[in-house]
file structure32.tsv (TSV, C-alpha atoms)
chain	number	residue	atom	x	y	z
A	1	MET	CA	179.40	145.88	38.95
A	2	ASP	CA	175.77	145.34	38.00
A	3	THR	CA	175.49	143.62	34.62
A	4	ARG	CA	172.23	141.81	35.27
A	5	PRO	CA	169.67	141.99	32.46
A	6	VAL	CA	166.57	144.09	33.00
A	7	ILE	CA	163.67	141.65	33.39
A	8	ILE	CA	160.18	142.80	32.46
A	9	GLY	CA	157.21	140.56	33.25
A	10	ILE	CA	154.27	140.92	30.87
A	11	ALA	CA	151.02	139.27	31.98
A	12	GLY	CA	147.41	139.41	30.82
A	13	GLY	CA	144.61	137.15	29.71
A	14	THR	CA	144.69	134.89	26.69
A	15	GLY	CA	144.63	136.94	23.49
A	16	SER	CA	145.37	140.19	25.29
A	17	GLY	CA	148.40	140.96	23.12
A	18	LYS	CA	151.30	140.08	25.43
A	19	THR	CA	153.61	138.90	22.66
A	20	SER	CA	152.75	141.93	20.53
A	21	VAL	CA	153.70	144.22	23.40
A	22	ALA	CA	156.97	142.33	23.89
A	23	LEU	CA	157.84	142.63	20.20
A	24	LYS	CA	156.89	146.32	20.21
A	25	ILE	CA	159.16	147.01	23.16
A	26	LYS	CA	161.98	145.01	21.56
A	27	SER	CA	161.77	147.17	18.43
A	28	PHE	CA	162.87	150.21	20.48
A	29	PHE	CA	166.16	148.55	21.46
A	30	PRO	CA	167.92	147.62	18.19
A	31	TYR	CA	171.40	147.88	19.72
A	32	GLU	CA	170.74	145.91	22.90
A	33	ARG	CA	170.54	142.17	23.33
A	34	VAL	CA	166.84	141.55	23.90
A	35	GLU	CA	165.33	138.11	24.48
A	36	ILE	CA	161.66	137.14	24.78
A	37	LEU	CA	160.87	134.21	27.08
A	38	HIS	CA	157.44	132.59	26.89
A	39	HIS	CA	155.98	130.98	30.00
A	40	ASP	CA	154.05	128.67	27.63
A	41	SER	CA	157.37	127.17	26.57
A	42	TYR	CA	157.72	125.81	30.09
A	43	TYR	CA	154.64	123.61	30.11
A	44	TYR	CA	155.54	120.27	31.65
A	45	ASP	CA	156.51	117.58	29.19
A	46	ASN	CA	153.51	115.22	29.31
A	47	SER	CA	154.80	112.73	26.75
A	48	ARG	CA	154.54	109.95	29.34
A	49	LEU	CA	150.75	110.33	29.29
A	50	SER	CA	148.34	109.09	26.64
A	51	ALA	CA	146.88	111.57	24.17
A	52	ALA	CA	143.52	111.34	25.95
A	53	GLU	CA	145.12	112.08	29.32
A	54	ARG	CA	147.05	115.03	27.89
A	55	SER	CA	143.88	116.51	26.43
A	56	ARG	CA	142.24	116.56	29.87
A	57	ILE	CA	144.97	118.64	31.56
A	58	ASN	CA	144.03	122.15	32.66
A	59	TYR	CA	146.69	124.15	30.82
A	60	ASP	CA	145.53	127.43	32.36
A	61	HIS	CA	146.28	126.36	35.93
A	62	PRO	CA	149.66	127.24	37.52
A	63	SER	CA	150.39	123.55	38.11
A	64	ALA	CA	150.63	122.98	34.33
A	65	PHE	CA	153.88	124.96	34.15
A	66	GLU	CA	157.38	123.86	35.10
A	67	THR	CA	158.03	127.24	36.67
A	68	GLU	CA	160.92	125.86	38.72
A	69	LEU	CA	162.88	125.35	35.50
A	70	LEU	CA	162.02	128.87	34.34
A	71	LEU	CA	163.28	130.29	37.64
A	72	GLU	CA	166.51	128.32	37.26
A	73	HIS	CA	166.92	129.68	33.73
A	74	LEU	CA	166.30	133.26	34.88
A	75	ASP	CA	168.96	132.86	37.56
A	76	ARG	CA	171.44	131.60	35.00
A	77	LEU	CA	170.63	134.43	32.58
A	78	ARG	CA	171.13	136.96	35.38
A	79	GLU	CA	174.60	135.47	35.87
A	80	GLY	CA	175.38	135.91	32.17
A	81	GLN	CA	175.09	132.24	31.29
A	82	GLU	CA	173.37	130.65	28.29
A	83	ILE	CA	170.23	128.53	28.59
A	84	ILE	CA	168.23	126.30	26.28
A	85	GLN	CA	164.62	127.47	26.36
A	86	PRO	CA	162.22	124.55	25.85
A	87	ARG	CA	159.96	124.37	22.83
A	88	TYR	CA	156.41	123.12	23.18
A	89	ASP	CA	154.17	121.36	20.65
A	90	TYR	CA	150.60	122.54	21.22
A	91	GLU	CA	149.12	119.86	18.97
A	92	THR	CA	150.55	116.92	20.93
A	93	HIS	CA	150.92	118.69	24.31
A	94	THR	CA	154.53	117.54	24.59
A	95	ARG	CA	157.92	119.22	24.78
A	96	LEU	CA	160.03	119.03	21.64
A	97	ALA	CA	163.43	117.40	21.85
A	98	ASP	CA	165.37	120.46	20.74
A	99	GLY	CA	165.12	123.81	22.50
A	100	LEU	CA	166.15	127.36	21.63
A	101	PRO	CA	169.51	128.72	22.85
A	102	VAL	CA	169.24	132.02	24.73
A	103	GLY	CA	172.47	133.84	25.47
A	104	ARG	CA	173.62	136.75	27.60
A	105	SER	CA	171.02	139.51	27.46
A	106	ASP	CA	170.57	143.17	28.30
A	107	ILE	CA	166.78	142.93	28.43
A	108	ILE	CA	164.54	139.92	29.04
A	109	LEU	CA	160.84	140.18	28.25
A	110	LEU	CA	159.01	137.39	30.11
A	111	GLU	CA	155.45	136.98	28.89
A	112	GLY	CA	152.63	134.67	29.94
A	113	ILE	CA	149.17	134.65	31.44
A	114	LEU	CA	150.44	133.70	34.90
A	115	VAL	CA	153.86	135.35	35.23
A	116	LEU	CA	152.54	137.86	37.79
A	117	ASP	CA	150.65	135.20	39.74
A	118	ASP	CA	153.86	133.51	40.91
A	119	GLU	CA	155.62	135.33	43.77
A	120	ALA	CA	159.04	133.84	42.98
A	121	LEU	CA	158.78	135.02	39.36
A	122	ARG	CA	157.71	138.49	40.51
A	123	ARG	CA	160.83	138.77	42.67
A	124	HIS	CA	162.97	138.31	39.55
A	125	MET	CA	161.30	141.21	37.73
A	126	ASP	CA	162.43	144.81	37.55
A	127	ILE	CA	159.17	145.96	35.94
A	128	ARG	CA	155.78	144.22	36.09
A	129	VAL	CA	153.21	144.86	33.35
A	130	TYR	CA	149.62	143.72	32.92
A	131	ILE	CA	147.92	143.95	29.52
A	132	ASP	CA	144.23	144.70	29.97
A	133	ALA	CA	141.91	143.89	27.06
A	134	ASP	CA	138.20	143.39	26.54
A	135	SER	CA	137.16	139.78	27.17
A	136	ASP	CA	135.19	139.50	23.91
A	137	GLU	CA	138.14	140.77	21.91
A	138	ARG	CA	140.49	138.36	23.68
A	139	PHE	CA	138.23	135.40	22.93
A	140	ILE	CA	137.98	136.34	19.24
A	141	ARG	CA	141.77	136.60	18.98
A	142	ARG	CA	142.18	133.21	20.66
A	143	LEU	CA	139.57	131.66	18.37
A	144	VAL	CA	141.30	132.95	15.23
A	145	ARG	CA	144.75	131.94	16.51
A	146	ASP	CA	143.78	128.39	17.45
A	147	LEU	CA	141.90	127.82	14.20
A	148	LYS	CA	144.82	129.02	12.08
A	149	SER	CA	147.93	127.88	13.91
A	150	ARG	CA	146.82	125.04	16.18
A	151	GLU	CA	144.32	123.31	13.87
A	152	ARG	CA	141.54	123.06	16.45
A	153	THR	CA	137.82	123.04	15.87
A	154	VAL	CA	135.47	125.85	16.87
A	155	ASN	CA	133.64	123.56	19.29
A	156	SER	CA	136.83	122.44	21.03
A	157	ILE	CA	138.03	126.04	21.41
A	158	ILE	CA	134.71	127.16	22.88
A	159	ARG	CA	134.55	124.18	25.23
A	160	GLN	CA	138.09	124.78	26.52
A	161	TYR	CA	137.37	128.47	26.98
A	162	GLN	CA	134.25	127.77	29.02
A	163	ASP	CA	135.68	124.87	31.03
A	164	THR	CA	139.14	126.14	31.94
A	165	VAL	CA	140.31	129.36	30.25
A	166	ARG	CA	137.67	131.72	31.62
A	167	PRO	CA	137.45	130.17	35.13
A	168	MET	CA	141.24	130.23	35.51
A	169	HIS	CA	141.38	133.78	34.20
A	170	LEU	CA	138.95	134.89	36.91
A	171	ARG	CA	140.73	132.85	39.59
A	172	PHE	CA	144.39	133.53	38.81
A	173	VAL	CA	145.06	135.89	35.90
A	174	GLU	CA	142.75	138.83	36.60
A	175	PRO	CA	143.68	139.00	40.32
A	176	SER	CA	147.39	139.17	39.44
A	177	LYS	CA	146.73	142.63	37.99
A	178	ARG	CA	147.22	144.06	41.50
A	179	TYR	CA	150.92	143.19	41.32
A	180	ALA	CA	151.53	145.21	38.15
A	181	ASP	CA	153.59	148.39	38.16
A	182	ILE	CA	151.74	149.50	35.06
A	183	ILE	CA	148.47	148.35	33.48
A	184	VAL	CA	148.33	148.75	29.70
A	185	PRO	CA	144.88	148.93	28.12
A	186	GLU	CA	144.75	148.04	24.40
A	187	GLY	CA	148.16	146.39	24.42
A	188	ALA	CA	150.65	147.36	21.71
A	189	HIS	CA	148.20	149.94	20.33
A	190	ASN	CA	148.63	152.05	23.47
A	191	GLU	CA	151.53	154.19	22.32
A	192	VAL	CA	151.62	156.32	25.47
A	193	ALA	CA	152.00	153.29	27.74
A	194	ILE	CA	154.62	151.71	25.47
A	195	ASP	CA	156.61	154.95	25.43
A	196	LEU	CA	156.50	155.11	29.24
A	197	LEU	CA	157.72	151.52	29.48
A	198	VAL	CA	160.57	152.16	27.07
A	199	VAL	CA	161.67	155.25	29.03
A	200	LYS	CA	161.64	153.26	32.29
A	201	ILE	CA	163.61	150.38	30.76
A	202	ARG	CA	166.21	152.80	29.40
A	203	ASP	CA	166.47	154.39	32.84
A	204	VAL	CA	167.16	151.05	34.51
A	205	LEU	CA	169.72	150.16	31.80
A	206	ASN	CA	171.50	153.48	32.19
A	207	ARG	CA	171.67	153.19	35.97
A	208	ARG	CA	173.22	149.73	35.67
A	209	LEU	CA	175.71	150.94	33.09
A	210	ALA	CA	176.63	153.83	35.36
A	211	ALA	CA	177.04	151.44	38.29
A	212	GLU	CA	179.67	149.47	36.37
A	213	GLY	CA	181.48	152.62	35.33
A	214	GLY	CA	180.42	152.56	31.71
A	215	GLY	CA	178.45	155.77	31.65
A	216	GLY	CA	175.04	155.42	30.08
A	217	ASN	CA	173.60	156.23	26.69
A	218	ALA	CA	171.24	153.29	26.14

call {"tool": "encode", "arguments": {"input": "structure32.tsv", "output": "structure tokens"}}
result
Amino acid sequence: MDTRPVIIGIAGGTGSGKTSVALKIKSFFPYERVEILHHDSYYYDNSRLSAAERSRINYDHPSAFETELLLEHLDRLREGQEIIQPRYDYETHTRLADGLPVGRSDIILLEGILVLDDEALRRHMDIRVYIDADSDERFIRRLVRDLKSRERTVNSIIRQYQDTVRPMHLRFVEPSKRYADIIVPEGAHNEVAIDLLVVKIRDVLNRRLAAEGGGGNA
């Protein structure tokens, strides 16, 4: 009996539209249990450090993420268990005390800039996706997002982009594209690519339903 959830990894640079793609895919499965996991939620809890020390951390480097915990959570979700997904405060760079419960799922959409960079994470995925977007457009989206929702200044956003975001994108994120099963230009606006992904996800779901003797009409 194969009741494991279908796990889709969705990578791409900052501001490429990863979350939008995840939400778009989720909208096609109203009768399935679909959960979205954010790699950003698994930033290490740096509350032991001073605010100045936390501000100097390179949050675009793989070492900033507690990926071991994410792997443990994925294993538990594959076994049908519940997890508590961490919540992260971007203003203080610390993990919040209360997390979000995530229960048994049919589909898990795992999104983050570095989810395809990590070999152990890739081994957990049934489908690997890379969202490809123009670098200028990605920067503009990040600028607008950080100004509105993270209360940062224009100068601080530009400095972080130049110092860590762009260099880490070129070093880790962009090269991970080679591990993708499908590359999606234009993100959620690419209806053809989204339709292909949905068809593939349904196919995997149906095969697993058939394997457990339940037929398949997902």

call {"tool": "closest_residue", "arguments": {"input": "structure32.tsv", "among": "A:Ile84, A:Ala188, A:Ala97, A:Ile127", "to": "Thr19 of chain A", "atoms": "all atoms listed in the file"}}
result
A:Ala188

call {"tool": "atom_distance", "arguments": {"input": "structure32.tsv", "atom1": "atom CA of Arg138 of chain A", "atom2": "atom CA of Val34 of chain A"}}
result
26.5 Å

call {"tool": "residues_around", "arguments": {"input": "structure32.tsv", "residues": "Pro86 of chain A", "least_positions_apart": "3", "cutoff": "8 Å", "atoms": "all atoms listed in the file", "output": "count of residues only"}}
result
7

call {"tool": "atom_distance", "arguments": {"input": "structure32.tsv", "atom1": "atom CA of Ile108 of chain A", "atom2": "atom CA of Glu35 of chain A"}}
result
5.0 Å

call {"tool": "atom_distance", "arguments": {"input": "structure32.tsv", "atom1": "atom CA of Asp60 of chain A", "atom2": "atom CA of Ser135 of chain A"}}
result
15.8 Å

call {"tool": "residues_around", "arguments": {"input": "structure32.tsv", "residues": "Ser27 of chain A", "least_positions_apart": "6", "cutoff": "12 Å", "atoms": "only C-alpha atoms", "output": "list in words"}}
result
Ser20, Val21, Arg33, Val34, Glu35, Ile36, Ile107, Ala188, Ile194, Asp195 and Val198 of chain A

call {"tool": "residues_around", "arguments": {"input": "structure32.tsv", "residues": "Leu71 of chain A", "least_positions_apart": "4", "cutoff": "7 Å", "atoms": "all atoms listed in the file", "output": "ChimeraX atom specification"}}
result
/A:67,75,121

call {"tool": "residues_around", "arguments": {"input": "structure32.tsv", "residues": "segment 148-151 of chain A", "least_positions_apart": "5", "cutoff": "10 Å", "atoms": "only C-alpha atoms", "output": "ChimeraX atom specification"}}
result
/A:89-91,142-143

call {"tool": "residues_around", "arguments": {"input": "structure32.tsv", "residues": "Val184 of chain A", "least_positions_apart": "3", "cutoff": "12 Å", "atoms": "all atoms listed in the file", "output": "PDB file with C-alpha atoms, in the frame of the given file"}}
result
ATOM      1  CA  ILE A  10     154.270 140.920  30.870  1.00  0.00           C
ATOM      2  CA  ALA A  11     151.020 139.270  31.980  1.00  0.00           C
ATOM      3  CA  GLY A  12     147.410 139.410  30.820  1.00  0.00           C
ATOM      4  CA  SER A  16     145.370 140.190  25.290  1.00  0.00           C
ATOM      5  CA  GLY A  17     148.400 140.960  23.120  1.00  0.00           C
ATOM      6  CA  LYS A  18     151.300 140.080  25.430  1.00  0.00           C
ATOM      7  CA  VAL A  21     153.700 144.220  23.400  1.00  0.00           C
ATOM      8  CA  ARG A 128     155.780 144.220  36.090  1.00  0.00           C
ATOM      9  CA  VAL A 129     153.210 144.860  33.350  1.00  0.00           C
ATOM     10  CA  TYR A 130     149.620 143.720  32.920  1.00  0.00           C
ATOM     11  CA  ILE A 131     147.920 143.950  29.520  1.00  0.00           C
ATOM     12  CA  ASP A 132     144.230 144.700  29.970  1.00  0.00           C
ATOM     13  CA  ALA A 133     141.910 143.890  27.060  1.00  0.00           C
ATOM     14  CA  ASP A 134     138.200 143.390  26.540  1.00  0.00           C
ATOM     15  CA  LYS A 177     146.730 142.630  37.990  1.00  0.00           C
ATOM     16  CA  ALA A 180     151.530 145.210  38.150  1.00  0.00           C
ATOM     17  CA  ASP A 181     153.590 148.390  38.160  1.00  0.00           C
ATOM     18  CA  GLY A 187     148.160 146.390  24.420  1.00  0.00           C
ATOM     19  CA  ALA A 188     150.650 147.360  21.710  1.00  0.00           C
ATOM     20  CA  HIS A 189     148.200 149.940  20.330  1.00  0.00           C
ATOM     21  CA  ASN A 190     148.630 152.050  23.470  1.00  0.00           C
ATOM     22  CA  GLU A 191     151.530 154.190  22.320  1.00  0.00           C
ATOM     23  CA  VAL A 192     151.620 156.320  25.470  1.00  0.00           C
ATOM     24  CA  ALA A 193     152.000 153.290  27.740  1.00  0.00           C
ATOM     25  CA  ILE A 194     154.620 151.710  25.470  1.00  0.00           C
ATOM     26  CA  ASP A 195     156.610 154.950  25.430  1.00  0.00           C
ATOM     27  CA  LEU A 196     156.500 155.110  29.240  1.00  0.00           C
ATOM     28  CA  LEU A 197     157.720 151.520  29.480  1.00  0.00           C
TER      29      LEU A 197
END

call {"tool": "closest_residue", "arguments": {"input": "structure32.tsv", "among": "A:Glu174, A:Phe29, A:Val154, A:His93", "to": "Ser55 of chain A", "atoms": "all atoms listed in the file"}}
result
A:His93

call {"tool": "closest_residue", "arguments": {"input": "structure32.tsv", "among": "A:Thr94, A:Leu69, A:His124, A:Ile83", "to": "Ile57 of chain A", "atoms": "all atoms listed in the file"}}
result
A:Thr94

call {"tool": "closest_residue", "arguments": {"input": "structure32.tsv", "among": "A:Leu205, A:Ala120, A:Val115, A:Ile158", "to": "Glu72 of chain A", "atoms": "only C-alpha atoms"}}
result
A:Ala120

call {"tool": "closest_atom_pairs", "arguments": {"input": "structure32.tsv", "of": "segment 56-114 of chain A", "to": "segment 160-164 of chain A", "cutoff": "12 Å", "atoms": "all atoms listed in the file", "output": "tab-separated table"}}
result
residue	atom	partner	partner_atom	distance
A:Arg56	CA	A:Gln160	CA	9.8
A:Ile57	CA	A:Thr164	CA	9.5
A:Asn58	CA	A:Thr164	CA	6.4
A:Tyr59	CA	A:Thr164	CA	7.9
A:Asp60	CA	A:Thr164	CA	6.5
A:His61	CA	A:Thr164	CA	8.2
A:Pro62	CA	A:Thr164	CA	12.0

call {"tool": "closest_residue", "arguments": {"input": "structure32.tsv", "among": "A:Leu49, A:Ile113, A:Ile8, A:Ala22", "to": "Leu170 of chain A", "atoms": "all atoms listed in the file"}}
result
A:Ile113

call {"tool": "closest_residue", "arguments": {"input": "structure32.tsv", "among": "A:Leu114, A:Val204, A:Ile183, A:Ile140", "to": "Arg171 of chain A", "atoms": "all atoms listed in the file"}}
result
A:Leu114
